[in-house]
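Asker: Structure in structure tokens, see below.
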Amino acid sequence: MIEAVGLTKRYGDKTAVYNLSFQVRPGTVTGFLGPNGSGKSTTMRMILGLDNPTSGQVTIGGHPYRKLQNAARQVGALLDAKAVHGGRSARSHLLCLAQLSGIPARRVDEVLGVVGLQDVAKKRSKGFSLGMGQRLGIAAALLGDPQVLLFDEPVNGLDPEGILWVRNLMKSLAAEGRTVFVSSHLMSEMALTAEHLIVIGRGQLLSDMSVKDFIAQNSAGFARVRTPDTEPQQREKLTAALTEAGGQVLPEADGGLRVTGLPLPRISDLAHGADVRLWELSPHQASLEEAYMRMTQGAVDYRSTIDQKEGLMQPLPPGAQPPAPVPGQGQPGWYAPPPPQQGGQPFAMPPGMPQGQPPAGPYGAPPAPGAPAPGQPNPYATEAPAGPQPPAQPSAPAHAPADPNKPEDAR
Ligand SMILES: Nc1ncnc2c1ncn2[C@@H]1O[C@H](COP(=O)(O)OP(=O)(O)OP(=O)(O)O)[C@@H](O)[C@H]1O
């Protein structure tokens with residue numbers, strides 16, 4: 001078991017981790033979530049004795065990492081897959097690690113097989129793709145057959161087959177009774193991999209509970225209602241009836257309505273009473289992604305802004321109208337932007353950006369699913385549980401070497 005008590009880390013006047021207390025238990029995969037710069041890697045480094053806490057402590061099986069006997073046989077970790085001597089082959093890299101910990105050479109070949117690198121075992125790792133590097137890092141973590149495993153974003157750079165493989169590996173390691181602590185930005189992946197979640201924001205604990213409870217506690221159930229597309233007046237009539245009955249009604253992008261505050265049978269009765277036909281009436285629960293976005297929305301350090309493209313536009317000829325944006329294609333006449341990633345931002349989020357409202361532009365961070373239209377209050381935001389208020393963090397990260405695969409590092 002990993003146990004942190006009052007764990008705090010300051011770098012000068014920067015508080016990276018503040019008063020963090022949690023336990024990571026054996027037998028389940030525990031996901032470690034938080035926005036960029038929230039302190040996940042710092043926490044993992046402290047667990048592994050690579051950084052000293054400013055105050056508090058963290059132990060593995062009751063002992064600080066540095067006091068563990070032959071730690072590599074007890075704890076395996078993937079922190080930075082690039083921390084490999086590029087001139088060495090995968091096999092000789094693992095052999096070096098094995099020799100340092102008294103692990104027999106045959107174990108190296110075993111783990112190379114487990115991660116699927118046996119055919120490239122003699123190739124220099126500097127020619128490895130990001131995904132191959134991740135697999136090599138995972139092999140190194142498994143080398144000592146440890147009971148406790150930490151993985152910092154293990155699926156980074158892996159293809160879908162690789163992601164599935166990591167998911168099954170994590171689950172099978174936990175099923176063997178090991179302690180498995182995994183950080184990730186991929187919420188959908190965490191929902192499929194982890195049973196328990198520890199969520200931090202600006203270095204502080206926001207949540208420590210099962211995935212099931214996390215979704216239940218942080219996401220409001222709602223009903224989705226749809227009236228015939230051809231008769232917009234039916235939609236208006238229904239909106240009026242539901243609002244009058246005390247429901248909150250939000251329009252959705254596809255013409256449907258998101259209704260909270262009224263049970264489904266009541267919505268049906270109200271529609272019937274108002275003589276409105278329904279094409280859809282369905283119960284919904286927000287996904288892990290939505291629950292996470294709701295919880296961490298106040299603790300995000302880096303947000304994209306609208307790309308104003310100032311100075312790039314050709315002056316319009318007198319009397320000409322600017323071109324209309326084409327949905328999904330950006331604005332005609334401009335350079336083609338990269339397509340927005342699902343749930344992410346296509347453009348790097350430079351440090352020091354204003355921390356106010358998220359942008360609503362075509363290239364900004366897309367609003368969370370079901371977010372209200374601009375100008376409307378967000379009833380979900382007001383329901384957020386009163387968690388600890390993270391300390392302000394005006395400064396931007398400046399410690400890590402640039403990693404073009406991480407959005408915050410593409411700066
Ligand atoms: N050695 C350091 N010196 C100064 N500041 C640091 C150092 N290490 C981390 N920080 C700061 O501490 C905060 C937490 O960083 P950390 O890398 O732990 O976050 P993270 O949650 O792992 O981020 P990401 O998800 O982007 O990898 C950041 O603001 C970072 O700039």
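Identifiers in the structure tokens: chain A, B, ... in order shown; residue index from 1 per chain; ligand index from 1 in order shown.
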Give me the residues near Ile47 (chain A) as number ranges by chain, where near means some atom within 12 Å (using only C-alpha atoms) and where sequence neighbours in that chain fewer than 5 positions away do not count.
Answerer: A: 1-5, 7-9, 20, 22-24, 40-42, 52-53, 56-68, 71, 75-77, 79, 148-151, 181
Asker: Convert the current residue selection to file output with N, CA and C atoms, as a CSV table (one decimal), in the first residue's frame.
Answerer:
```csv
chain,number,residue,atom,x,y,z
A,1,MET,N,0.8,-1.2,0.0
A,1,MET,CA,0.0,0.0,0.0
A,1,MET,C,0.9,1.3,0.0
A,2,ILE,N,0.4,2.3,-0.7
A,2,ILE,CA,1.1,3.5,-0.7
A,2,ILE,C,0.3,4.5,0.2
A,3,GLU,N,1.0,5.2,1.1
A,3,GLU,CA,0.2,6.1,2.0
A,3,GLU,C,0.9,7.4,2.0
A,4,ALA,N,0.2,8.5,1.7
A,4,ALA,CA,0.7,9.8,1.8
A,4,ALA,C,-0.1,10.5,2.9
A,5,VAL,N,0.7,11.3,3.8
A,5,VAL,CA,0.1,12.0,4.9
A,5,VAL,C,0.6,13.4,4.9
A,7,LEU,N,1.3,15.4,2.6
A,7,LEU,CA,2.4,15.6,1.7
A,7,LEU,C,2.3,17.0,1.0
A,8,THR,N,3.4,17.7,1.2
A,8,THR,CA,3.5,19.1,0.6
A,8,THR,C,4.9,19.3,-0.1
A,9,LYS,N,4.9,19.9,-1.2
A,9,LYS,CA,6.2,20.2,-1.9
A,9,LYS,C,6.1,21.6,-2.5
A,20,LEU,N,-1.4,16.8,0.9
A,20,LEU,CA,-2.1,15.7,0.2
A,20,LEU,C,-2.0,14.4,1.1
A,22,PHE,N,-3.6,10.5,1.1
A,22,PHE,CA,-4.4,9.4,0.5
A,22,PHE,C,-3.7,8.1,0.7
A,23,GLN,N,-4.5,7.0,0.3
A,23,GLN,CA,-3.9,5.7,0.4
A,23,GLN,C,-4.2,5.0,-1.0
A,24,VAL,N,-3.2,4.3,-1.5
A,24,VAL,CA,-3.4,3.5,-2.7
A,24,VAL,C,-3.4,2.0,-2.3
A,40,LYS,N,0.8,15.8,-10.2
A,40,LYS,CA,0.8,14.4,-10.3
A,40,LYS,C,2.2,13.8,-10.3
A,41,SER,N,3.0,14.3,-11.3
A,41,SER,CA,4.4,13.8,-11.4
A,41,SER,C,5.2,14.1,-10.1
A,42,THR,N,5.0,15.3,-9.6
A,42,THR,CA,5.7,15.7,-8.3
A,42,THR,C,5.4,14.7,-7.2
A,52,ASN,N,12.3,15.2,-2.2
A,52,ASN,CA,12.0,15.2,-0.8
A,52,ASN,C,10.7,16.1,-0.6
A,53,PRO,N,9.8,15.6,0.2
A,53,PRO,CA,8.7,16.5,0.6
A,53,PRO,C,9.1,17.7,1.4
A,56,GLY,N,5.3,16.7,5.5
A,56,GLY,CA,4.5,15.5,5.3
A,56,GLY,C,5.3,14.3,4.9
A,57,GLN,N,4.7,13.2,4.7
A,57,GLN,CA,5.5,12.0,4.3
A,57,GLN,C,4.7,11.1,3.4
A,58,VAL,N,5.4,10.2,2.7
A,58,VAL,CA,4.7,9.2,1.9
A,58,VAL,C,5.5,7.9,2.1
A,59,THR,N,4.8,6.8,2.3
A,59,THR,CA,5.4,5.5,2.5
A,59,THR,C,4.9,4.5,1.6
A,60,ILE,N,5.7,3.4,1.4
A,60,ILE,CA,5.2,2.3,0.6
A,60,ILE,C,5.4,1.1,1.6
A,61,GLY,N,4.3,0.4,1.9
A,61,GLY,CA,4.3,-0.7,2.8
A,61,GLY,C,4.8,-0.2,4.2
A,62,GLY,N,4.6,1.0,4.5
A,62,GLY,CA,5.0,1.5,5.8
A,62,GLY,C,6.3,2.2,5.9
A,63,HIS,N,7.1,2.1,4.8
A,63,HIS,CA,8.5,2.7,4.8
A,63,HIS,C,8.6,3.7,3.7
A,64,PRO,N,9.4,4.7,4.0
A,64,PRO,CA,9.8,5.6,2.9
A,64,PRO,C,10.6,4.8,1.8
A,65,TYR,N,10.4,5.2,0.5
A,65,TYR,CA,11.0,4.4,-0.5
A,65,TYR,C,12.5,4.2,-0.3
A,66,ARG,N,13.2,5.3,0.2
A,66,ARG,CA,14.7,5.1,0.3
A,66,ARG,C,15.1,4.2,1.4
A,67,LYS,N,14.1,3.8,2.3
A,67,LYS,CA,14.5,2.9,3.3
A,67,LYS,C,14.1,1.4,3.0
A,68,LEU,N,13.5,1.2,1.8
A,68,LEU,CA,13.1,-0.1,1.4
A,68,LEU,C,14.3,-1.0,1.0
A,71,ALA,N,14.8,-1.9,-3.3
A,71,ALA,CA,13.5,-1.3,-3.7
A,71,ALA,C,13.0,-1.7,-5.0
A,75,VAL,N,9.2,-2.2,-5.8
A,75,VAL,CA,8.5,-1.1,-6.4
A,75,VAL,C,9.0,-0.9,-7.9
A,76,GLY,N,8.1,-0.9,-8.8
A,76,GLY,CA,8.4,-0.7,-10.2
A,76,GLY,C,7.7,0.6,-10.7
A,77,ALA,N,8.4,1.4,-11.5
A,77,ALA,CA,7.8,2.6,-11.9
A,77,ALA,C,8.2,3.0,-13.4
A,79,LEU,N,8.2,6.5,-15.1
A,79,LEU,CA,8.0,8.0,-14.9
A,79,LEU,C,8.2,8.7,-16.2
A,148,VAL,N,4.4,-3.3,-6.0
A,148,VAL,CA,3.8,-2.0,-6.1
A,148,VAL,C,4.3,-1.4,-7.4
A,149,LEU,N,3.3,-0.9,-8.2
A,149,LEU,CA,3.7,-0.3,-9.5
A,149,LEU,C,3.1,1.1,-9.7
A,150,LEU,N,4.0,2.0,-10.2
A,150,LEU,CA,3.5,3.3,-10.5
A,150,LEU,C,3.7,3.6,-12.0
A,151,PHE,N,2.7,4.1,-12.7
A,151,PHE,CA,2.9,4.4,-14.1
A,151,PHE,C,2.4,5.8,-14.3
A,181,PHE,N,-0.8,2.1,-9.4
A,181,PHE,CA,-1.2,3.6,-9.3
A,181,PHE,C,-0.8,4.2,-10.7
```
Asker: I'd like the contact shell of region 210-227 of chain A - 8 Å cut-off, only C-alpha atoms, skipping same-chain residues fewer than 3 positions apart - returned as a PyMOL selection string.
Answerer: chain A and resi 191+194-197+207+231-232+234-235+255-261+263-264+276-288+290-292+294-295+380+384-385
Asker: Give me the residues near Glu153 (chain A) as an MDAnalysis selection string, where near means some atom within 7 Å (using only C-alpha atoms) and where sequence neighbours in that chain fewer than 6 positions away do not count.
Answerer: chainID A and resid 182:184
Asker: Rounded to one decimal in Å, what is the spacing between CA of Glu161 (chain A) and CA of Gly116 (chain A)?
Answerer: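 A separation of 11.7 Å between them.
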Asker: Go ahead and compute the interatomic distance for CA of Ala271 (chain A) and CA of Asp229 (chain A), in Å to one decimal.
Answerer: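 Interatomic distance, CA of Ala271 (chain A) to CA of Asp229 (chain A): 15.5 Å.
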Asker: Which is closest to Gly144 (chain A) among A:Gly127, A:Gly177, A:Gly27, A:Gly102, if we use only C-alpha atoms?
Answerer: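 Closest residue, counting only C-alpha atoms: A:Gly102.
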Asker: Point out the residue among A:Leu143, A:Leu48, A:Ile200, A:Leu78 with the least atom-to-atom distance to ligand 1, counting only C-alpha atoms and all ligand atoms.
Answerer: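 Ranking A:Leu143, A:Leu48, A:Ile200, A:Leu78 by distance to ligand 1, first place goes to A:Ile200.
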Asker: Point out the residue among A:Leu192, A:Leu186, A:Val166, A:Leu117 with the least atom-to-atom distance to ligand 1, counting only C-alpha atoms and all ligand atoms.
Answerer: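 Looking only at the distances to ligand 1, the closest residue turns out to be A:Leu186.
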Asker: Nearest to ligand 1 among A:Leu262, A:Ile163, A:Leu136, A:Val17, with distances taken over only C-alpha atoms and all ligand atoms: which residue is it?
Answerer: A:Val17
Asker: Can you list, as a PyMOL selection string, every residue of region 38-178 of chain A that DSSP puts in strand (DSSP E or B)?
Answerer: chain A and resi 55-60+63+75-78+89+124+148-152
Asker: Got time to write the residues from that selection, C-alpha atoms, as a PDB file, in the first residue's frame?
Answerer:
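The resulting file, selection.pdb, is shown below:
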```pdb
ATOM      1  CA  SER A  55       6.545  18.568   4.792  1.00  0.00           C
ATOM      2  CA  GLY A  56       4.453  15.464   5.338  1.00  0.00           C
ATOM      3  CA  GLN A  57       5.495  12.006   4.289  1.00  0.00           C
ATOM      4  CA  VAL A  58       4.744   9.196   1.902  1.00  0.00           C
ATOM      5  CA  THR A  59       5.442   5.525   2.538  1.00  0.00           C
ATOM      6  CA  ILE A  60       5.249   2.255   0.636  1.00  0.00           C
ATOM      7  CA  HIS A  63       8.456   2.696   4.839  1.00  0.00           C
ATOM      8  CA  VAL A  75       8.460  -1.119  -6.447  1.00  0.00           C
ATOM      9  CA  GLY A  76       8.449  -0.660 -10.219  1.00  0.00           C
ATOM     10  CA  ALA A  77       7.809   2.636 -11.943  1.00  0.00           C
ATOM     11  CA  LEU A  78       7.423   4.235 -15.324  1.00  0.00           C
ATOM     12  CA  SER A  89      19.716  -1.552 -27.089  1.00  0.00           C
ATOM     13  CA  ARG A 124      19.215   0.916 -30.204  1.00  0.00           C
ATOM     14  CA  VAL A 148       3.812  -1.962  -6.103  1.00  0.00           C
ATOM     15  CA  LEU A 149       3.700  -0.329  -9.535  1.00  0.00           C
ATOM     16  CA  LEU A 150       3.500   3.330 -10.526  1.00  0.00           C
ATOM     17  CA  PHE A 151       2.865   4.406 -14.078  1.00  0.00           C
ATOM     18  CA  ASP A 152       2.910   8.064 -15.118  1.00  0.00           C
TER      19      ASP A 152
END
```
Asker: List as a ChimeraX atom specification the protein and nucleic acid residues near Leu100 (chain A), meaning an atom at most 12 Å away when only C-alpha atoms are counted, but skip any in the same chain fewer than 3 places from it.
Answerer: /A:70-73,93-97,103-105,143-144
Asker: Please write the residues from the selection above to a file, keeping C-alpha atoms, as a PDB file, in the first residue's frame.
Answerer:
```
ATOM      1  CA  ASN A  70      16.201  -3.740  -2.603  1.00  0.00           C
ATOM      2  CA  ALA A  71      13.514  -1.285  -3.662  1.00  0.00           C
ATOM      3  CA  ALA A  72      13.566  -2.356  -7.330  1.00  0.00           C
ATOM      4  CA  ARG A  73      12.239  -5.773  -6.316  1.00  0.00           C
ATOM      5  CA  HIS A  93      19.263  -1.131 -21.043  1.00  0.00           C
ATOM      6  CA  LEU A  94      17.179  -3.680 -19.153  1.00  0.00           C
ATOM      7  CA  LEU A  95      20.249  -5.839 -18.441  1.00  0.00           C
ATOM      8  CA  CYS A  96      21.972  -2.861 -16.765  1.00  0.00           C
ATOM      9  CA  LEU A  97      18.920  -2.262 -14.593  1.00  0.00           C
ATOM     10  CA  ILE A 103      17.814  -9.653 -11.095  1.00  0.00           C
ATOM     11  CA  PRO A 104      18.760 -12.639 -13.316  1.00  0.00           C
ATOM     12  CA  ALA A 105      19.305 -11.980 -17.054  1.00  0.00           C
ATOM     13  CA  LEU A 143      11.634  -6.229 -14.214  1.00  0.00           C
ATOM     14  CA  GLY A 144      11.763  -6.902 -10.465  1.00  0.00           C
TER      15      GLY A 144
END
```
Asker: Which residues, written as a compact mmCIF listing (two decimals) with N, CA and C atoms, in the first residue's frame, have at least one atom at most 10 Å from Gly34 (chain A), with only C-alpha atoms counted and residues fewer than 5 positions away on the same chain left out?
Answerer:
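Heads up, here's the output in out00.txt:
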```txt
# COMPACT_ATOMS: atom_id res chain seq x y z
N GLY A 39 0.30 18.56 -10.16
CA GLY A 39 1.19 17.98 -9.15
C GLY A 39 1.28 16.46 -9.17
N LYS A 40 0.79 15.83 -10.23
CA LYS A 40 0.80 14.36 -10.29
C LYS A 40 2.23 13.81 -10.33
N SER A 183 -1.30 7.36 -13.50
CA SER A 183 -1.79 8.69 -13.85
C SER A 183 -2.13 8.72 -15.34
N SER A 184 -3.10 9.51 -15.67
CA SER A 184 -3.48 9.63 -17.08
C SER A 184 -4.27 10.91 -17.29
N HIS A 185 -4.23 11.41 -18.54
CA HIS A 185 -5.12 12.51 -18.90
C HIS A 185 -6.35 11.99 -19.60
N MET A 187 -9.50 10.50 -19.65
CA MET A 187 -10.58 10.16 -18.73
C MET A 187 -11.33 8.92 -19.17
N ILE A 198 -8.10 8.97 -7.55
CA ILE A 198 -7.64 10.08 -6.72
C ILE A 198 -7.49 11.27 -7.67
N VAL A 199 -8.22 12.33 -7.38
CA VAL A 199 -8.21 13.50 -8.28
C VAL A 199 -7.60 14.67 -7.52
N ILE A 200 -6.62 15.33 -8.15
CA ILE A 200 -6.05 16.52 -7.53
C ILE A 200 -6.18 17.71 -8.47
N GLY A 201 -6.18 18.88 -7.89
CA GLY A 201 -6.21 20.12 -8.66
C GLY A 201 -5.34 21.11 -7.93
N ARG A 202 -4.41 21.73 -8.64
CA ARG A 202 -3.45 22.66 -8.04
C ARG A 202 -2.84 22.09 -6.76
N GLY A 203 -2.44 20.84 -6.85
CA GLY A 203 -1.70 20.21 -5.76
C GLY A 203 -2.52 19.73 -4.60
N GLN A 204 -3.85 19.95 -4.63
CA GLN A 204 -4.66 19.54 -3.49
C GLN A 204 -5.65 18.45 -3.87
N LEU A 205 -6.01 17.66 -2.86
CA LEU A 205 -6.93 16.57 -3.10
C LEU A 205 -8.33 17.10 -3.40
N LEU A 206 -8.89 16.69 -4.53
CA LEU A 206 -10.26 17.07 -4.85
C LEU A 206 -11.21 15.91 -4.61
N TYR A 292 -15.48 14.80 -14.29
CA TYR A 292 -14.13 15.30 -14.07
C TYR A 292 -14.02 16.77 -14.47
N MET A 293 -14.60 17.11 -15.62
CA MET A 293 -14.55 18.49 -16.09
C MET A 293 -15.24 19.41 -15.08
N MET A 295 -15.59 18.86 -11.87
CA MET A 295 -14.84 18.94 -10.63
C MET A 295 -13.60 19.81 -10.75
N THR A 296 -12.91 19.70 -11.87
CA THR A 296 -11.62 20.38 -11.99
C THR A 296 -11.71 21.72 -12.69
N ALA A 299 -9.76 24.41 -11.28
CA ALA A 299 -8.36 24.14 -10.96
C ALA A 299 -7.52 23.94 -12.20
N VAL A 300 -7.97 24.47 -13.33
CA VAL A 300 -7.22 24.33 -14.57
C VAL A 300 -6.30 25.53 -14.73
```
Asker: Just checking: using only C-alpha atoms and all ligand atoms, which residue out of A:Asp269, A:Glu189, A:Asp275, A:Asp80 ends up closest to ligand 1?
Answerer: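 Smallest distance to ligand 1 is found for A:Asp80.
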